[in-house]
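Asker: Here you go, one structure.
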Amino acid sequence: MPGALPEGEPVPSDGSLPAHARERAGRAGFGVYVHVPFCVTRCGYCDFNTYTPGEASREGYVDAVLNELKLAAGVVTGTVGSVFVGGGTPTLLAPDDLGRIVDAIDATWGLASDAEVTTEANPESVSRDALARLRKAGFTRISLGMQSTAPTVLAVLDRRHTPGRARAAALEARDAGFDHVNLDLIYGTPSETAEDFAGSLDAAIGAGVDHVSAYALIVEEGTRMAARMRHGELPYPSDDVAADRYLAADAALAAAGFAWYEVSNWATAPEARCRHNLLYWTGGDWWGLGPGAHSHVGGVRWWNVKHPTTYGKRLADGVSPGQGRELLTAADRYVEDVMLRVRLAEGLPLAALDQGGRAAAARARDDGLLDPAAYGRGRVVLTLRGRLLADAVVRDLLT
Ligand SMILES: C[S@@+](CC[C@H](N)C(=O)[O-])C[C@H]1O[C@@H](n2cnc3c(N)ncnc32)[C@H](O)[C@@H]1O
Ligand code: SF4
């Protein structure tokens, strides 16, 4: 089972927001996240809020989300620029059910005419027919969890798809008419060789997608993988190997015409960038629908109860599913803004940093971690070495 959520102050039972938050809502864009917390089995490395069939039922889930939407309609207004349905495995729901949720979001707030509407999907959970129906239901973008094409790596990760399925699904998604297709890769898994990762990159590039995300394997506390490592069944991932893999990813993707726009994300063109994720990274607002979903509106962050049954019951009783919330202070917002924007290729203005941050930025430039030309133009932009050490750069900028 997924771990506990943080404490926070209680969310009012009608989900209402303070007046100052309502006034600021949507100033930097408004999007909707929908969390679908179901998977057929749980991958050993994953600590996302997701439940296998014995742990929670999918029944009533869509109606509960539609109930949350009714409650949300009375709390904020705004046109929706992006929708992101994530999980879990959203594509365990029928395309028509996902379509009902998108339609209801449109009916509630209105989708912008050029809205980006993404769903995540596991490669084995979609067919040509399902992809065509998702496209018809209004999805413009799909993000497939490829992770790797090496059989041994897929086995260590407990993935259910065959090595060739993700590439095939990406090609099928293109055929189905999706505007944008992403493949997620994980690197640095124990047993993965440099050749394995090169093969995964080749397959992702060869699948004709316009976006690739590549994440270093994170060993999350409480997962089966963490236990296997503690018992010596699997070695821990190595930072040096992860750095080598990152360099390999950047080189292969750049050679194939992908440019990084966030430390872990590459796209073939500006319009192929994930607008929904950019909303998160640039201080935008979003309503998170679904069990355990997080929301951020006008400087208030809240999170829903995690279990689908508790979530559905709260809404059936006409009560907000919000479990707790935080009113972000100016200091909180500053930390968050620096943390997220530094990871973007466009970086952030030097002038946005406080005095200590500007001094740290000058040191980082001298250490080769920030691009000197961008620095000269008044911007904080990571170099390739800086991207490898992004967390350390952020720590220095904030101390
Ligand atoms: C939570 S999954 C949801 C999508 C879908 N269920 C899947 O697995 O493809 C979204 C992405 O998060 C990444 N991810 C999840 N857990 C991770 C971990 N422990 N370390 C690195 N990446 C992880 C994977 O790349 C995955 O594709
Ligand atoms: S399929 Fe995706 S969400 Fe489900 S357990 Fe695996 S990584 Fe997590």
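Naming works like this for the structure tokens: A, B, ... for the chains as they're shown, residue 1 at the start of each chain, ligands 1 onward in shown order.
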Using only C-alpha atoms and all ligand atoms, find each residue in chain A having at least one atom no more than 8 Å away from ligand 1; report its shortest atom-to-atom pair and that distance in Å (one decimal), rows by chain then rising number, as a tab-separated table.

Answerer:
residue	atom	partner	partner_atom_place_in_ligand_line	distance
A:Cys39	CA	ligand 1	6 (N)	7.1
A:Cys43	CA	ligand 1	8 (O)	7.8
A:Tyr45	CA	ligand 1	19 (N)	4.8
A:Cys46	CA	ligand 1	16 (N)	4.4
A:Asp47	CA	ligand 1	16 (N)	6.5
A:Phe48	CA	ligand 1	1 (C)	5.7
A:Gly86	CA	ligand 1	3 (C)	6.1
A:Gly87	CA	ligand 1	3 (C)	4.7
A:Gly88	CA	ligand 1	6 (N)	4.7
A:Thr89	CA	ligand 1	6 (N)	4.4
A:Pro90	CA	ligand 1	6 (N)	7.5
A:Glu120	CA	ligand 1	4 (C)	5.4
A:Ala121	CA	ligand 1	5 (C)	5.5
A:Asn122	CA	ligand 1	9 (O)	4.5
A:Pro123	CA	ligand 1	9 (O)	7.2
A:Ser143	CA	ligand 1	4 (C)	7.7
A:Leu144	CA	ligand 1	9 (O)	5.6
A:Gly145	CA	ligand 1	9 (O)	3.1
A:Met146	CA	ligand 1	9 (O)	6.5
A:Gln147	CA	ligand 1	25 (O)	5.7
A:Leu183	CA	ligand 1	27 (O)	7.8
A:Asp184	CA	ligand 1	25 (O)	4.8
A:Leu185	CA	ligand 1	25 (O)	5.4
A:Ile186	CA	ligand 1	25 (O)	5.4
A:Tyr187	CA	ligand 1	21 (C)	7.9
A:Ser213	CA	ligand 1	25 (O)	7.5
A:Ala214	CA	ligand 1	25 (O)	7.0
A:Tyr215	CA	ligand 1	21 (C)	5.2
A:Ala216	CA	ligand 1	21 (C)	5.4
A:Leu217	CA	ligand 1	20 (N)	3.8
A:Ile218	CA	ligand 1	20 (N)	3.8
A:Val219	CA	ligand 1	19 (N)	5.5
A:Glu220	CA	ligand 1	19 (N)	5.8

Asker: So that I can see what lies close to region 14-27 of chain A, please list as an NGL selection string the residues with an atom at most 10 Å from it, counting only C-alpha atoms and leaving out residues fewer than 6 positions away in the same chain.

Answerer: :A and (68 or 71-72 or 74-80 or 283-286 or 296-300 or 302 or 318-322 or 327)

Asker: Keeping only N, CA, C and O atoms, write the selected residues as an mmCIF file, in the first residue's frame.

Answerer:
data_model
loop_
_atom_site.group_PDB
_atom_site.id
_atom_site.type_symbol
_atom_site.label_atom_id
_atom_site.label_comp_id
_atom_site.auth_asym_id
_atom_site.auth_seq_id
_atom_site.Cartn_x
_atom_site.Cartn_y
_atom_site.Cartn_z
ATOM 1 N N GLU A 68 -16.598 15.096 -7.599
ATOM 2 C CA GLU A 68 -15.591 16.078 -7.154
ATOM 3 C C GLU A 68 -15.596 17.294 -8.083
ATOM 4 O O GLU A 68 -15.431 18.434 -7.650
ATOM 5 N N LEU A 71 -18.242 19.675 -7.136
ATOM 6 C CA LEU A 71 -17.820 20.476 -5.976
ATOM 7 C C LEU A 71 -16.815 21.552 -6.413
ATOM 8 O O LEU A 71 -16.908 22.717 -6.041
ATOM 9 N N ALA A 72 -15.883 21.152 -7.289
ATOM 10 C CA ALA A 72 -14.835 22.081 -7.741
ATOM 11 C C ALA A 72 -15.419 23.250 -8.516
ATOM 12 O O ALA A 72 -14.926 24.382 -8.429
ATOM 13 N N GLY A 74 -17.926 24.952 -7.985
ATOM 14 C CA GLY A 74 -18.369 26.029 -7.099
ATOM 15 C C GLY A 74 -17.213 26.725 -6.398
ATOM 16 O O GLY A 74 -17.423 27.696 -5.680
ATOM 17 N N VAL A 75 -16.011 26.232 -6.570
ATOM 18 C CA VAL A 75 -14.864 26.781 -5.824
ATOM 19 C C VAL A 75 -13.984 27.669 -6.699
ATOM 20 O O VAL A 75 -13.557 28.741 -6.274
ATOM 21 N N VAL A 76 -13.685 27.246 -7.920
ATOM 22 C CA VAL A 76 -12.858 28.072 -8.815
ATOM 23 C C VAL A 76 -13.472 28.149 -10.210
ATOM 24 O O VAL A 76 -14.221 27.257 -10.629
ATOM 25 N N THR A 77 -13.107 29.228 -10.906
ATOM 26 C CA THR A 77 -13.522 29.371 -12.302
ATOM 27 C C THR A 77 -12.255 29.546 -13.140
ATOM 28 O O THR A 77 -11.206 29.916 -12.606
ATOM 29 N N GLY A 78 -12.341 29.292 -14.419
ATOM 30 C CA GLY A 78 -11.169 29.481 -15.279
ATOM 31 C C GLY A 78 -11.229 28.543 -16.462
ATOM 32 O O GLY A 78 -11.839 27.467 -16.367
ATOM 33 N N THR A 79 -10.615 28.954 -17.562
ATOM 34 C CA THR A 79 -10.577 28.092 -18.742
ATOM 35 C C THR A 79 -9.394 27.137 -18.595
ATOM 36 O O THR A 79 -8.311 27.534 -18.168
ATOM 37 N N VAL A 80 -9.617 25.884 -18.976
ATOM 38 C CA VAL A 80 -8.598 24.848 -18.778
ATOM 39 C C VAL A 80 -7.678 24.761 -19.998
ATOM 40 O O VAL A 80 -8.121 24.469 -21.106
ATOM 41 N N GLY A 283 4.705 27.741 -11.749
ATOM 42 C CA GLY A 283 3.839 28.393 -10.761
ATOM 43 C C GLY A 283 2.389 28.521 -11.181
ATOM 44 O O GLY A 283 1.666 29.382 -10.658
ATOM 45 N N GLY A 284 1.926 27.672 -12.114
ATOM 46 C CA GLY A 284 0.524 27.722 -12.532
ATOM 47 C C GLY A 284 -0.385 27.073 -11.491
ATOM 48 O O GLY A 284 0.076 26.556 -10.459
ATOM 49 N N ASP A 285 -1.683 27.109 -11.776
ATOM 50 C CA ASP A 285 -2.675 26.516 -10.871
ATOM 51 C C ASP A 285 -3.280 25.270 -11.519
ATOM 52 O O ASP A 285 -3.465 25.240 -12.740
ATOM 53 N N TRP A 286 -3.604 24.318 -10.689
ATOM 54 C CA TRP A 286 -4.307 23.147 -11.215
ATOM 55 C C TRP A 286 -5.175 22.556 -10.120
ATOM 56 O O TRP A 286 -4.871 22.681 -8.935
ATOM 57 N N HIS A 296 -3.225 22.847 -6.544
ATOM 58 C CA HIS A 296 -2.551 24.101 -6.193
ATOM 59 C C HIS A 296 -3.319 25.226 -6.864
ATOM 60 O O HIS A 296 -3.362 25.301 -8.093
ATOM 61 N N VAL A 297 -3.953 26.049 -6.058
ATOM 62 C CA VAL A 297 -4.722 27.167 -6.621
ATOM 63 C C VAL A 297 -4.453 28.420 -5.795
ATOM 64 O O VAL A 297 -4.689 28.427 -4.570
ATOM 65 N N GLY A 298 -3.965 29.454 -6.452
ATOM 66 C CA GLY A 298 -3.814 30.767 -5.813
ATOM 67 C C GLY A 298 -2.992 30.738 -4.530
ATOM 68 O O GLY A 298 -3.312 31.463 -3.586
ATOM 69 N N GLY A 299 -1.954 29.904 -4.483
ATOM 70 C CA GLY A 299 -1.098 29.878 -3.294
ATOM 71 C C GLY A 299 -1.604 28.948 -2.195
ATOM 72 O O GLY A 299 -1.064 28.949 -1.088
ATOM 73 N N VAL A 300 -2.627 28.138 -2.492
ATOM 74 C CA VAL A 300 -3.079 27.120 -1.531
ATOM 75 C C VAL A 300 -2.834 25.750 -2.167
ATOM 76 O O VAL A 300 -3.164 25.532 -3.330
ATOM 77 N N TRP A 302 -3.501 21.636 -1.598
ATOM 78 C CA TRP A 302 -4.216 20.635 -0.792
ATOM 79 C C TRP A 302 -4.117 19.284 -1.459
ATOM 80 O O TRP A 302 -3.732 19.164 -2.626
ATOM 81 N N GLY A 318 -21.309 14.326 0.150
ATOM 82 C CA GLY A 318 -21.309 15.760 -0.166
ATOM 83 C C GLY A 318 -20.193 16.529 0.527
ATOM 84 O O GLY A 318 -20.275 17.743 0.709
ATOM 85 N N VAL A 319 -19.139 15.807 0.909
ATOM 86 C CA VAL A 319 -18.023 16.440 1.635
ATOM 87 C C VAL A 319 -16.781 16.439 0.748
ATOM 88 O O VAL A 319 -16.523 15.470 0.027
ATOM 89 N N SER A 320 -15.998 17.519 0.812
ATOM 90 C CA SER A 320 -14.758 17.588 0.041
ATOM 91 C C SER A 320 -13.855 16.396 0.384
ATOM 92 O O SER A 320 -13.707 16.050 1.559
ATOM 93 N N PRO A 321 -13.200 15.804 -0.625
ATOM 94 C CA PRO A 321 -12.262 14.716 -0.326
ATOM 95 C C PRO A 321 -10.898 15.233 0.146
ATOM 96 O O PRO A 321 -9.988 14.455 0.379
ATOM 97 N N GLY A 322 -10.768 16.560 0.279
ATOM 98 C CA GLY A 322 -9.489 17.138 0.702
ATOM 99 C C GLY A 322 -9.130 16.671 2.100
ATOM 100 O O GLY A 322 -9.931 16.796 3.032
ATOM 101 N N LEU A 327 -1.366 26.833 3.307
ATOM 102 C CA LEU A 327 -1.397 28.138 2.661
ATOM 103 C C LEU A 327 0.067 28.521 2.491
ATOM 104 O O LEU A 327 0.791 28.675 3.477
#

Asker: I need the residues in region 230-308 of chain A that are helix (DSSP H, G or I) according to DSSP; give them as a VMD selection string.

Answerer: chain A and resid 230 239 to 255 270 to 272 275 to 281 308

Asker: Under the rule that only C-alpha atoms are counted, which of A:Glu192, A:Ala227, A:Pro37, A:Ser295 is the nearest residue to Tyr51 (chain A)?

Answerer: A:Pro37

Asker: Just want the 7 Å neighbourhood of Ala170 (chain A), counted on only C-alpha atoms, with same-chain residues fewer than 2 positions away dropped. Output as a list in words.

Answerer: Ala166, Arg167, Ala168, Glu172, Ala173, Arg174, Val181, Ala207 and Val209 of chain A

Asker: For Asp97 (chain A), find every residue with an atom within 7 Å (counting only C-alpha atoms), except residues of its own chain fewer than 4 positions away, and show them as a PyMOL selection string.

Answerer: chain A and resi 62+93+101

Asker: Between CA of His161 (chain A) and CA of Ala243 (chain A), what distance in Å does the model show, to one decimal?

Answerer: 26.6 Å

Asker: Of the candidates A:Ile205, A:Val381, A:Ala56, A:Ala104, which shows the shortest atom-to-atom distance to Arg365 (chain A), using only C-alpha atoms?

Answerer: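 Smallest separation from Arg365 (chain A) among the options: A:Val381.
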
Asker: Would you list the contacts of Ala248 (chain A) as JSON, numbers by chain, taking every protein, DNA or RNA residue within 12 Å and counting only C-alpha atoms, but skipping same-chain residues closer than 6 positions in sequence?

Answerer: {"A": [187, 188, 193, 194, 195, 196, 197, 198, 199, 200, 201, 202, 214, 241, 242, 254, 255, 384, 388]}

Asker: Out of A:Val83, A:Val335, A:Ala132, A:Leu92, which residue has the shortest atom-to-atom distance to ligand 2 when counting only C-alpha atoms and all ligand atoms?

Answerer: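 Ranked by minimum distance to ligand 2, first place goes to A:Leu92.
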
Asker: Quick one: everything within 12 Å of Gln355 (chain A), counting only C-alpha atoms, minus sequence neighbours fewer than 5 positions away in the same chain. Send it as a list in words.

Answerer: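 Skipping anything fewer than 5 positions along the chain leaves Leu350, Ala360, Ala361, Ala362, Leu397, Leu398 and Thr399 of chain A.
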
Asker: Can I get the selection written as a compact mmCIF listing (two decimals), in the first residue's frame, with all heavy atoms?

Answerer:
# COMPACT_ATOMS: atom_id res chain seq x y z
N LEU A 350 18.30 36.10 -12.81
CA LEU A 350 19.16 36.30 -11.64
C LEU A 350 18.47 37.21 -10.63
O LEU A 350 18.59 37.03 -9.42
CB LEU A 350 20.44 37.01 -12.09
CG LEU A 350 21.68 36.18 -12.35
CD1 LEU A 350 22.77 37.07 -12.92
CD2 LEU A 350 22.15 35.50 -11.07
N ALA A 360 25.54 32.70 -4.63
CA ALA A 360 25.71 31.27 -4.95
C ALA A 360 25.72 31.06 -6.46
O ALA A 360 26.46 30.21 -6.97
CB ALA A 360 24.59 30.45 -4.30
N ALA A 361 24.91 31.84 -7.18
CA ALA A 361 24.87 31.71 -8.64
C ALA A 361 26.22 32.10 -9.24
O ALA A 361 26.71 31.43 -10.16
CB ALA A 361 23.75 32.58 -9.22
N ALA A 362 26.86 33.15 -8.70
CA ALA A 362 28.17 33.56 -9.22
C ALA A 362 29.19 32.44 -9.00
O ALA A 362 29.99 32.12 -9.89
CB ALA A 362 28.61 34.85 -8.53
N LEU A 397 21.78 27.57 -4.05
CA LEU A 397 21.05 28.81 -4.34
C LEU A 397 20.11 29.18 -3.21
O LEU A 397 19.77 30.34 -3.01
CB LEU A 397 20.24 28.68 -5.64
CG LEU A 397 21.02 28.54 -6.96
CD1 LEU A 397 20.06 28.34 -8.12
CD2 LEU A 397 21.90 29.75 -7.22
N LEU A 398 19.70 28.16 -2.45
CA LEU A 398 18.70 28.40 -1.41
C LEU A 398 19.29 28.53 -0.01
O LEU A 398 18.55 28.71 0.95
CB LEU A 398 17.65 27.28 -1.43
CG LEU A 398 16.71 27.30 -2.65
CD1 LEU A 398 15.83 26.07 -2.69
CD2 LEU A 398 15.85 28.55 -2.67
N THR A 399 20.64 28.42 0.11
CA THR A 399 21.21 28.54 1.48
C THR A 399 21.97 29.86 1.63
O THR A 399 22.30 30.50 0.69
CB THR A 399 22.16 27.36 1.81
OG1 THR A 399 23.04 27.14 0.73
CG2 THR A 399 21.38 26.12 2.13

Asker: Going by DSSP on the backbone, which residues of region 105-306 of chain A come out as strand (DSSP E or B)? List them as a VMD selection string.

Answerer: chain A and resid 111 to 121 141 to 147 180 to 187 211 to 216 259 to 262 265 to 267 285 to 289 294 to 297 300 to 304

Asker: Excluding Asp103 (chain A) and residues on its chain fewer than 4 positions from it, collect all residues at most 9 Å away from it, counting only C-alpha atoms, and give them as a CSV table (one decimal) with N, CA, C and O atoms, in the first residue's frame.

Answerer:
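Okay, this is what ended up in selection-v4.csv:
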chain,number,residue,atom,x,y,z
A,98,LEU,N,-12.8,7.5,-19.7
A,98,LEU,CA,-11.9,8.6,-19.6
A,98,LEU,C,-12.5,9.8,-20.4
A,98,LEU,O,-12.4,11.0,-20.0
A,99,GLY,N,-13.2,9.5,-21.5
A,99,GLY,CA,-13.8,10.6,-22.3
A,99,GLY,C,-14.9,11.3,-21.5
A,99,GLY,O,-15.1,12.5,-21.6
A,107,ALA,N,-17.4,20.7,-19.7
A,107,ALA,CA,-18.7,21.3,-19.4
A,107,ALA,C,-18.6,22.1,-18.1
A,107,ALA,O,-19.3,23.1,-18.0
A,108,THR,N,-17.7,21.8,-17.2
A,108,THR,CA,-17.6,22.5,-16.0
A,108,THR,C,-16.9,23.9,-16.2
A,108,THR,O,-17.3,24.9,-15.7
A,137,ALA,N,-12.1,10.5,-28.1
A,137,ALA,CA,-12.6,11.1,-26.8
A,137,ALA,C,-12.0,12.4,-26.5
A,137,ALA,O,-12.3,13.0,-25.4
A,138,GLY,N,-11.0,12.9,-27.3
A,138,GLY,CA,-10.5,14.2,-27.1
A,138,GLY,C,-9.0,14.2,-26.6
A,138,GLY,O,-8.5,15.3,-26.4

Asker: Suppose you want the space between atom 7 (S, counted along the ligand's line) of ligand 2 and CA of Val153 (chain A); what is it in Å?

Answerer: 13.6 Å
